[in-house]
$ cat input_23.csv   # CSV, C-alpha atoms
chain,number,residue,atom,x,y,z
A,19,MET,CA,105.6,-49.4,153.8
A,20,ASN,CA,106.6,-50.2,157.5
A,21,THR,CA,106.6,-47.8,160.4
A,22,THR,CA,110.4,-47.4,160.4
A,23,SER,CA,110.5,-46.2,156.8
A,24,ARG,CA,107.8,-43.5,157.6
A,25,ILE,CA,109.8,-42.2,160.6
A,26,GLN,CA,112.9,-42.0,158.5
A,27,ARG,CA,111.1,-40.0,155.8
A,28,LYS,CA,109.7,-37.6,158.4
A,29,TRP,CA,113.2,-37.0,159.8
A,30,VAL,CA,114.5,-36.2,156.3
A,31,VAL,CA,111.7,-33.7,155.8
A,32,TRP,CA,112.2,-32.0,159.1
A,33,LEU,CA,116.0,-31.8,158.7
A,34,GLY,CA,115.4,-30.2,155.2
A,35,ALA,CA,113.0,-27.6,156.6
A,36,ALA,CA,115.4,-26.8,159.5
A,37,PHE,CA,118.3,-26.3,157.1
A,38,THR,CA,116.1,-23.9,155.0
A,39,VAL,CA,115.2,-21.9,158.1
A,40,LEU,CA,118.8,-21.7,159.1
A,41,VAL,CA,119.9,-20.3,155.7
A,42,ILE,CA,117.1,-17.7,155.7
A,43,GLY,CA,118.1,-16.7,159.2
A,44,LEU,CA,121.7,-16.2,158.3
A,45,VAL,CA,120.7,-14.0,155.4
A,46,LEU,CA,118.1,-11.9,157.2
A,47,LEU,CA,119.8,-11.5,160.5
A,48,PRO,CA,122.3,-8.7,159.4
A,49,ARG,CA,119.5,-6.8,157.8
A,50,LEU,CA,117.3,-7.1,160.9
A,51,ARG,CA,120.2,-5.8,163.0
A,52,ASN,CA,120.7,-2.8,160.7
A,53,LEU,CA,117.0,-2.1,160.8
A,54,GLY,CA,117.1,-2.2,164.6
A,55,SER,CA,120.0,0.1,164.7
A,56,THR,CA,118.3,2.6,162.4
A,57,GLN,CA,115.1,2.5,164.5
A,58,MET,CA,117.1,3.1,167.7
A,59,ALA,CA,119.0,5.9,166.1
A,60,ALA,CA,115.8,7.5,165.0
A,61,GLU,CA,114.4,7.3,168.6
A,62,GLU,CA,117.5,8.9,170.0
A,63,GLY,CA,117.3,11.9,167.6
A,64,SER,CA,120.1,10.8,165.3
A,65,PRO,CA,119.8,11.8,161.6
A,66,THR,CA,118.2,9.2,159.4
A,67,LEU,CA,119.5,8.1,156.0
A,68,GLN,CA,117.8,10.1,153.3
A,69,VAL,CA,117.1,8.2,150.0
A,70,GLU,CA,116.4,10.4,147.0
A,71,GLU,CA,113.8,9.3,144.5
A,72,THR,CA,115.2,8.3,141.1
A,73,SER,CA,114.6,11.3,138.7
A,74,VAL,CA,113.8,11.0,135.0
A,75,PRO,CA,116.9,11.8,132.9
A,76,THR,CA,116.9,15.2,131.3
A,77,GLN,CA,116.8,15.1,127.5
A,78,LEU,CA,119.8,16.8,125.8
A,79,PRO,CA,118.9,19.3,123.1
A,80,THR,CA,119.0,17.7,119.7
A,81,MET,CA,121.5,20.3,118.4
A,82,ILE,CA,124.2,18.9,120.8
A,83,LEU,CA,124.3,15.4,119.5
A,84,THR,CA,123.5,15.1,115.8
A,85,ALA,CA,124.0,12.3,113.4
A,86,VAL,CA,126.9,12.8,111.0
A,87,PRO,CA,126.4,11.3,107.6
A,88,THR,CA,129.1,8.8,106.9
A,89,ALA,CA,129.8,10.3,103.5
A,90,THR,CA,131.3,13.4,105.2
A,91,LEU,CA,133.7,11.5,107.3
A,92,GLU,CA,137.4,11.8,106.3
A,93,PRO,CA,139.2,8.5,105.7
A,94,THR,CA,141.4,7.5,108.7
A,95,LEU,CA,144.2,6.1,106.5
A,96,LYS,CA,146.3,8.4,104.4
A,97,PRO,CA,147.1,7.1,100.9
A,98,THR,CA,150.6,6.7,99.7
A,99,SER,CA,152.1,9.4,97.6
A,100,SER,CA,151.4,7.3,94.5
A,101,SER,CA,147.7,7.4,95.1
A,102,PRO,CA,145.8,9.5,92.5
A,103,MET,CA,143.8,11.2,95.2
A,104,ALA,CA,146.9,12.0,97.4
A,105,PRO,CA,146.7,15.8,96.8
A,106,CYS,CA,143.2,15.8,98.4
A,107,PHE,CA,144.7,14.8,101.8
A,108,VAL,CA,146.8,18.0,101.8
A,109,ASP,CA,144.2,20.5,100.4
A,110,GLN,CA,140.8,19.6,99.0
A,111,ASP,CA,140.6,22.9,97.1
A,112,SER,CA,144.0,22.7,95.5
A,113,TYR,CA,144.8,22.3,91.8
A,114,GLY,CA,146.0,18.7,92.3
A,115,CYS,CA,142.9,17.6,94.2
A,116,LEU,CA,140.3,19.1,91.8
A,117,VAL,CA,142.1,17.8,88.8
A,118,ALA,CA,142.3,14.3,90.4
A,119,ARG,CA,138.6,14.4,91.3
A,120,ALA,CA,137.7,15.3,87.7
A,121,GLU,CA,139.9,12.5,86.3
A,122,ASN,CA,138.3,10.1,88.7
A,123,ILE,CA,134.8,11.0,87.5
A,124,VAL,CA,135.5,11.1,83.7
A,125,GLY,CA,137.7,8.0,83.8
A,126,PHE,CA,140.9,9.2,82.1
A,127,ASP,CA,144.1,11.0,82.9
A,128,ALA,CA,144.2,14.7,81.9
A,129,LYS,CA,147.0,16.4,80.0
A,130,GLU,CA,148.1,19.4,81.9
A,131,PHE,CA,150.6,22.3,81.6
A,132,PRO,CA,153.9,21.3,83.1
A,133,ALA,CA,153.8,24.6,85.2
A,134,THR,CA,151.4,27.5,85.4
A,135,PRO,CA,151.8,29.5,82.2
A,136,LYS,CA,153.6,32.8,82.5
A,137,GLY,CA,151.3,35.7,83.1
A,138,PHE,CA,148.5,33.6,84.6
A,139,TYR,CA,147.4,32.0,87.9
A,140,TRP,CA,145.2,28.9,88.3
A,141,VAL,CA,141.7,29.5,89.5
A,142,TYR,CA,139.5,26.4,88.8
A,143,ALA,CA,139.3,22.8,87.6
A,144,ASN,CA,136.2,20.7,87.1
A,145,ASN,CA,134.5,18.0,85.1
A,146,ARG,CA,131.7,19.0,82.8
A,147,ALA,CA,129.5,16.2,81.4
A,148,GLY,CA,132.4,14.0,80.4
A,149,ASP,CA,135.2,16.5,79.8
A,150,ILE,CA,137.8,18.2,82.1
A,151,PHE,CA,138.0,22.0,82.3
A,152,ILE,CA,141.0,23.8,83.8
A,153,SER,CA,141.0,27.6,84.0
A,154,TYR,CA,143.5,30.3,84.6
A,155,ASP,CA,143.2,34.1,85.0
A,156,ALA,CA,145.6,36.7,83.8
A,157,ILE,CA,147.7,38.3,86.6
A,158,SER,CA,147.1,41.7,84.9
A,159,GLY,CA,143.4,41.3,85.9
A,160,VAL,CA,142.0,41.0,82.4
A,161,GLY,CA,142.3,37.8,80.4
A,162,GLU,CA,141.8,34.1,80.7
A,163,LEU,CA,143.5,30.8,79.6
A,164,ASN,CA,141.3,27.7,79.5
A,165,LEU,CA,142.2,24.1,78.8
A,166,THR,CA,139.4,21.7,78.0
A,167,GLN,CA,139.6,18.0,76.9
A,168,GLY,CA,137.4,14.9,76.5
A,169,ILE,CA,136.9,11.6,74.7
A,170,VAL,CA,136.2,11.8,71.0
A,171,ASP,CA,133.3,9.3,71.2
A,172,ALA,CA,131.6,11.4,73.8
A,173,THR,CA,129.7,14.5,72.8
A,174,PRO,CA,132.2,17.4,73.0
A,175,ILE,CA,131.0,20.6,74.6
A,176,LEU,CA,132.6,22.9,72.0
A,177,GLU,CA,131.0,26.0,70.6
A,178,ALA,CA,130.1,25.8,66.9
A,179,LEU,CA,132.1,28.3,64.9
A,180,PRO,CA,131.9,29.7,61.4
A,181,GLU,CA,133.7,27.6,58.9
A,182,ASP,CA,135.4,30.5,57.2
A,183,ALA,CA,136.9,31.5,60.6
A,184,ILE,CA,138.7,28.1,61.0
A,185,GLN,CA,142.3,27.9,59.9
A,186,GLU,CA,143.8,24.4,59.5
A,187,VAL,CA,147.1,24.0,61.4
A,188,MET,CA,149.4,21.2,62.7
A,189,VAL,CA,149.9,20.6,66.4
A,190,GLY,CA,153.1,18.5,66.3
A,191,GLU,CA,152.0,15.5,64.2
A,192,TYR,CA,148.3,16.0,64.8
A,193,PRO,CA,146.0,18.1,62.5
A,194,GLY,CA,144.2,20.9,64.4
A,195,GLN,CA,142.2,24.1,63.9
A,196,TYR,CA,143.0,27.7,64.9
A,197,ILE,CA,140.2,30.2,65.3
A,198,ALA,CA,140.4,33.9,66.1
A,199,GLY,CA,137.2,35.7,67.0
A,200,PHE,CA,134.1,35.3,69.0
A,201,TYR,CA,130.3,35.8,69.0
A,202,GLY,CA,129.4,39.1,70.6
A,203,VAL,CA,126.8,41.8,70.5
A,204,VAL,CA,127.3,44.6,68.0
A,205,VAL,CA,126.0,47.9,69.3
A,206,ASP,CA,124.1,48.8,66.1
A,207,ASP,CA,122.2,45.5,66.1
A,208,SER,CA,119.6,44.0,68.4
A,209,PRO,CA,121.0,43.2,71.9
A,210,ASP,CA,119.8,39.6,71.3
A,211,ASP,CA,121.7,39.3,68.0
A,212,ASP,CA,125.1,37.6,68.5
A,213,THR,CA,127.4,38.5,65.6
A,214,TRP,CA,130.7,36.8,64.8
A,215,ILE,CA,133.5,39.3,65.5
A,216,ASP,CA,136.5,38.1,63.5
A,217,GLY,CA,140.1,38.3,64.3
A,218,TRP,CA,140.5,39.4,67.9
A,219,GLY,CA,139.3,39.0,71.5
A,220,LYS,CA,139.3,35.2,71.7
A,221,TYR,CA,141.7,32.7,70.2
A,222,ARG,CA,141.2,29.0,70.2
A,223,LEU,CA,143.3,25.9,69.2
A,224,ARG,CA,141.5,22.6,68.7
A,225,TRP,CA,143.0,19.2,67.9
A,226,THR,CA,142.7,15.4,68.5
A,227,GLU,CA,145.2,12.9,69.7
A,228,ASP,CA,144.2,9.2,69.4
A,229,ASP,CA,140.8,9.0,71.1
A,230,HIS,CA,140.9,12.4,72.9
A,231,TRP,CA,140.1,16.0,71.8
A,232,TYR,CA,141.6,19.1,73.2
A,233,GLU,CA,140.9,22.9,73.1
A,234,ILE,CA,143.1,25.7,74.5
A,235,GLU,CA,141.2,29.1,74.6
A,236,LEU,CA,143.0,32.4,75.1
A,237,ILE,CA,140.8,35.4,75.9
A,238,TYR,CA,142.0,39.0,75.6
A,239,PRO,CA,145.7,38.3,75.2
A,240,ALA,CA,146.5,41.9,74.5
A,241,ALA,CA,145.8,42.6,78.2
A,242,PHE,CA,149.1,40.9,79.2
A,243,GLN,CA,151.1,41.1,76.0
A,244,TYR,CA,153.2,38.0,76.4
A,245,THR,CA,153.0,37.0,72.8
A,246,ASP,CA,152.9,38.8,69.4
A,247,ASN,CA,151.7,35.6,67.6
A,248,ASP,CA,148.7,34.1,69.3
A,249,GLN,CA,148.6,31.0,67.0
A,250,GLU,CA,152.2,30.2,67.7
A,251,TYR,CA,151.7,30.8,71.4
A,252,LEU,CA,148.8,28.4,71.6
A,253,ILE,CA,150.6,25.7,69.6
A,254,ASN,CA,153.6,25.9,71.8
A,255,LEU,CA,151.4,25.5,74.9
A,256,ALA,CA,149.8,22.5,73.3
A,257,LEU,CA,153.1,20.8,72.6
A,258,GLU,CA,154.2,21.3,76.3
A,259,LEU,CA,151.2,19.4,77.7
A,260,VAL,CA,152.1,16.4,79.9
A,261,ASN,CA,150.5,13.7,82.1
A,262,LYS,CA,151.0,14.0,85.8
A,263,PRO,CA,153.2,17.2,86.0
A,264,ASP,CA,155.2,18.0,89.1
A,265,LEU,CA,152.9,20.1,91.2
A,266,GLU,CA,155.6,21.6,93.4
A,267,GLU,CA,156.3,24.9,91.7
A,268,GLY,CA,157.6,26.8,94.7
A,269,LEU,CA,157.5,30.6,94.8
A,270,ARG,CA,156.6,32.4,91.6
A,271,ALA,CA,158.2,35.9,91.5
A,272,GLU,CA,155.5,37.3,89.2
A,273,TYR,CA,152.6,36.1,91.4
A,274,LEU,CA,152.8,36.0,95.2
A,275,PRO,CA,149.3,35.6,96.4
A,276,THR,CA,150.0,35.8,100.2
A,277,MET,CA,151.9,38.3,102.4
A,278,LYS,CA,153.9,35.3,103.7
A,279,GLU,CA,155.2,34.5,100.2
A,280,VAL,CA,155.9,38.2,99.7
A,281,SER,CA,158.1,38.3,102.8
A,282,GLN,CA,159.9,35.1,101.8
A,283,MET,CA,160.7,36.5,98.3
A,284,ALA,CA,161.9,40.0,99.3
A,285,ALA,CA,165.5,40.5,100.4
A,286,PHE,CA,164.6,43.7,102.4
A,287,ASP,CA,162.0,44.9,104.9
A,288,LEU,CA,158.6,45.7,103.2
A,289,TYR,CA,155.7,47.9,104.2
A,290,ALA,CA,152.0,47.4,103.6
A,291,PRO,CA,149.0,49.8,104.2
A,292,LYS,CA,146.6,49.4,107.1
A,293,THR,CA,144.2,51.8,105.4
A,294,LEU,CA,142.6,51.2,102.0
A,295,PRO,CA,139.6,52.6,100.2
A,296,GLU,CA,136.4,50.6,100.8
A,297,ASP,CA,136.2,47.3,98.9
A,298,PHE,CA,139.9,47.3,97.9
A,299,GLN,CA,141.8,44.2,99.0
A,300,PHE,CA,145.2,42.6,98.5
A,301,SER,CA,145.5,40.8,95.2
A,302,HIS,CA,149.1,39.7,95.0
A,303,GLY,CA,152.7,40.7,95.1
A,304,SER,CA,155.3,40.5,92.3
A,305,TYR,CA,159.0,40.7,92.6
A,306,ASP,CA,161.4,41.9,89.9
A,307,GLU,CA,164.7,40.2,90.7
A,308,THR,CA,166.7,42.4,88.3
A,309,LEU,CA,165.6,45.6,90.1
A,310,SER,CA,165.1,44.0,93.5
A,311,GLN,CA,161.7,45.7,93.5
A,312,MET,CA,158.5,44.4,95.1
A,313,THR,CA,155.1,45.5,94.0
A,314,LEU,CA,152.1,45.0,96.1
A,315,GLU,CA,148.8,45.1,94.2
A,316,TYR,CA,145.4,45.9,95.7
A,317,ARG,CA,142.3,45.6,93.6
A,318,TYR,CA,138.7,46.6,93.9
A,319,LEU,CA,136.3,43.7,94.1
A,320,ASP,CA,135.5,44.3,90.5
A,321,ASN,CA,138.8,44.4,88.5
A,322,GLU,CA,137.4,46.9,86.1
A,323,ILE,CA,137.0,49.6,88.7
A,324,GLY,CA,140.4,50.2,90.0
A,325,VAL,CA,143.9,49.0,91.1
A,326,ILE,CA,146.4,50.4,93.6
A,327,LYS,CA,150.1,49.4,93.2
A,328,ILE,CA,152.7,50.1,95.9
A,329,GLU,CA,156.3,49.7,94.5
A,330,GLU,CA,159.1,49.4,97.0
A,331,ILE,CA,162.8,49.4,95.8
A,332,PRO,CA,166.0,49.8,97.8
A,333,LEU,CA,167.6,53.3,97.3
A,334,ASP,CA,170.8,51.8,95.8
A,335,LYS,CA,168.7,50.2,93.1
A,336,ALA,CA,166.2,53.1,92.5
A,337,ASP,CA,168.1,54.5,89.5
A,338,LEU,CA,167.4,51.2,87.6
A,339,ASN,CA,163.7,52.0,87.6
A,340,PRO,CA,163.3,55.8,87.1
A,341,LEU,CA,160.1,57.6,88.3
A,342,PRO,CA,157.5,58.6,85.7
A,343,LEU,CA,158.7,61.8,84.0
A,344,GLU,CA,155.5,63.7,84.6
A,345,LEU,CA,155.7,63.0,88.3
A,346,VAL,CA,159.3,64.4,88.4
A,347,ALA,CA,158.4,67.4,86.2
A,348,TYR,CA,155.0,68.4,87.6
A,349,GLY,CA,154.8,66.7,91.0
A,350,GLU,CA,153.5,68.7,93.9
A,351,ASP,CA,155.5,68.7,97.2
A,352,VAL,CA,153.7,66.9,100.0
A,353,GLU,CA,154.6,65.6,103.4
A,354,VAL,CA,154.3,61.8,104.0
A,355,GLY,CA,154.8,61.5,107.8
A,356,ASP,CA,158.3,62.7,108.4
A,357,TYR,CA,159.4,62.5,104.7
A,358,LEU,CA,159.0,64.9,101.8
A,359,GLY,CA,157.3,63.5,98.7
A,360,TRP,CA,155.8,64.3,95.4
A,361,TYR,CA,152.2,64.0,94.4
A,362,TYR,CA,150.8,64.2,90.8
A,363,SER,CA,147.6,63.4,89.0
A,364,PRO,CA,147.6,63.9,85.2
A,365,ASP,CA,143.8,63.3,84.9
A,366,GLU,CA,140.9,62.2,87.0
A,367,PHE,CA,141.7,58.5,86.7
A,368,SER,CA,145.5,58.4,87.4
A,369,TYR,CA,147.3,59.3,90.6
A,370,PHE,CA,151.0,59.1,91.8
A,371,LEU,CA,152.6,59.6,95.1
A,372,THR,CA,156.3,58.9,95.9
A,373,TRP,CA,158.8,59.5,98.7
A,374,GLU,CA,162.0,58.1,100.1
A,375,THR,CA,162.8,56.7,103.5
A,376,GLU,CA,166.3,56.0,104.8
A,377,GLU,CA,166.3,52.6,102.9
A,378,LEU,CA,163.6,52.6,100.3
A,379,ARG,CA,161.9,54.6,97.5
A,380,ILE,CA,158.2,54.0,97.6
A,381,LEU,CA,155.9,54.8,94.8
A,382,ILE,CA,152.1,54.4,94.9
A,383,ARG,CA,150.2,54.3,91.6
A,384,VAL,CA,146.4,54.4,91.5
A,385,GLN,CA,144.5,53.7,88.3
A,386,LEU,CA,140.7,54.0,88.5
A,387,SER,CA,137.8,53.9,86.1
A,388,GLU,CA,134.9,56.3,85.9
A,389,LEU,CA,132.9,53.8,88.0
A,390,TRP,CA,134.9,54.8,91.1
A,391,HIS,CA,133.9,58.2,92.7
A,392,GLU,CA,132.6,59.0,89.2
A,393,GLY,CA,136.2,59.1,88.1
A,394,GLY,CA,137.4,61.2,91.1
A,395,PHE,CA,139.9,60.4,93.8
A,396,ILE,CA,141.1,63.0,96.3
A,397,LYS,CA,144.7,63.6,97.3
A,398,GLY,CA,143.9,63.1,101.0
A,399,GLU,CA,142.9,59.5,100.4
A,400,LEU,CA,146.2,58.7,98.8
A,401,LEU,CA,148.1,60.4,101.6
A,402,GLU,CA,146.1,58.5,104.1
A,403,ILE,CA,147.1,55.2,102.5
A,404,ALA,CA,150.8,56.2,102.4
A,405,GLN,CA,150.8,57.3,106.1
A,406,SER,CA,149.3,54.0,107.2
A,407,LEU,CA,152.1,51.9,105.9
A,408,VAL,CA,153.5,49.5,108.5
A,409,ALA,CA,156.3,46.9,108.3
A,410,ILE,CA,155.2,43.4,107.1
A,411,PRO,CA,156.2,40.9,109.8

$ encode --input "input_23.csv" --output "structure tokens"
Amino acid sequence: MNTTSRIQRKWVVWLGAAFTVLVIGLVLLPRLRNLGSTQMAAEEGSPTLQVEETSVPTQLPTMILTAVPTATLEPTLKPTSSSPMAPCFVDQDSYGCLVARAENIVGFDAKEFPATPKGFYWVYANNRAGDIFISYDAISGVGELNLTQGIVDATPILEALPEDAIQEVMVGEYPGQYIAGFYGVVVDDSPDDDTWIDGWGKYRLRWTEDDHWYEIELIYPAAFQYTDNDQEYLINLALELVNKPDLEEGLRAEYLPTMKEVSQMAAFDLYAPKTLPEDFQFSHGSYDETLSQMTLEYRYLDNEIGVIKIEEIPLDKADLNPLPLELVAYGEDVEVGDYLGWYYSPDEFSYFLTWETEELRILIRVQLSELWHEGGFIKGELLEIAQSLVAIP
């Protein structure tokens, strides 16, 4: 390598170094100026820039942010009205939703009543080890109606009954069995000895259609007295069963479970008590369209203890529903606020109080068992209920 080449190479190195120094200077010069300004400001007594130390983030309590299991999340897409589970997107505790869930689990479409049977209201639906169980309670407070169904090849959950209690019948074109009676405890026997009590108390109809079995069970029908022939009544119910009934029943005059429905049904202003004996609560209203009479029914938590009924009827219709004769004949004059009324109690379990306003005749009936106040109910309690009546909005 000659001298000229070495000199050229040195120049290249020096130029590269100079360029690097220039770049570094350009980058550092502003910072050095700022540093100088800060130092000068400090010397002149100017406030210096305070830099806070980075703190460790505070941990949030675990109850504020908790993992939500994906199984509890609601779907974000609503199904079409034709979806079997569509009722569940309206009310997950509704009749339609619970029946749809049971059908989805057992794998078949249930047969159902086309509408709630007269005298009853729906209370529950579920699947039980391969079958579907739909239950209704009597509006009167005592009595049940149950519909159970399953697949023949599966083990049916049906109570074994005495052969001599079974009566062969026809359910349309299908053979069936009618059974009247139940297993119960006879007082004279051991408490653990279930004895067949024949002919009353519980009535059952069983039959099969194709590969499905069905049972309709009626308990204590005398409590609501909608039929004189329990066998015929059950068969007629069976013949009415349908798949996929119309669930939009609308208001039922005989059973209005909310005050909102009560107000919608009545054609006049109604009144409800603000004061009730302890553990009594609103059960339902019922409207007699012929009489234009609304009855509000309040029951003790245990139906067997007592019921309070408040009957309200326009004065121009009152003659269509006369007062109890004993109340008219033996009633004691009492004051209900600004109105004169009659009070009567024929025994320690029954009580009546009635009065008239400018527009309505109001009658309160109280029927109690010996479990309430040991059978006693004081007149003052009934008057307190009456004087607490306020208009239903």

$ closest_residue --input "input_23.csv" --among "A:Glu315, A:Glu272, A:Asp171, A:Asp212" --to "Asp229 (chain A)" --atoms "only C-alpha atoms"
A:Asp171

$ closest_residue --input "input_23.csv" --among "A:Leu252, A:Ala118, A:Leu309, A:Val160" --to "Ala143 (chain A)" --atoms "only C-alpha atoms"
A:Ala118

$ atom_distance --input "input_23.csv" --atom1 "CA of Leu259 (chain A)" --atom2 "CA of Gly190 (chain A)"
11.6 Å

$ residues_around --input "input_23.csv" --residues "Phe298 (chain A)" --least-positions-apart "4" --cutoff "8 Å" --atoms "all atoms listed in the file" --output "list in words"
Leu294, Tyr316, Arg317, Tyr318 and Leu319 of chain A

$ atom_distance --input "input_23.csv" --atom1 "CA of Glu233 (chain A)" --atom2 "CA of Leu165 (chain A)"
6.0 Å

$ atom_distance --input "input_23.csv" --atom1 "CA of Ile237 (chain A)" --atom2 "CA of Leu314 (chain A)"
25.1 Å

$ closest_residue --input "input_23.csv" --among "A:Gly324, A:Gly355, A:Pro132, A:Gly194" --to "Gln249 (chain A)" --atoms "only C-alpha atoms"
A:Gly194

$ residues_around --input "input_23.csv" --residues "Val260 (chain A)" --least-positions-apart "2" --cutoff "10 Å" --atoms "only C-alpha atoms" --output "ChimeraX atom specification"
/A:128-133,256-258,262-264

$ closest_residue --input "input_23.csv" --among "A:Glu177, A:Glu266, A:Glu402, A:Glu377" --to "Ala336 (chain A)" --atoms "all atoms listed in the file"
A:Glu377

$ closest_residue --input "input_23.csv" --among "A:Met312, A:Val187, A:Ala198, A:Leu223" --to "Ala290 (chain A)" --atoms "only C-alpha atoms"
A:Met312

$ closest_residue --input "input_23.csv" --among "A:Gly168, A:Pro180, A:Gly219, A:Gly268" --to "Thr134 (chain A)" --atoms "only C-alpha atoms"
A:Gly268
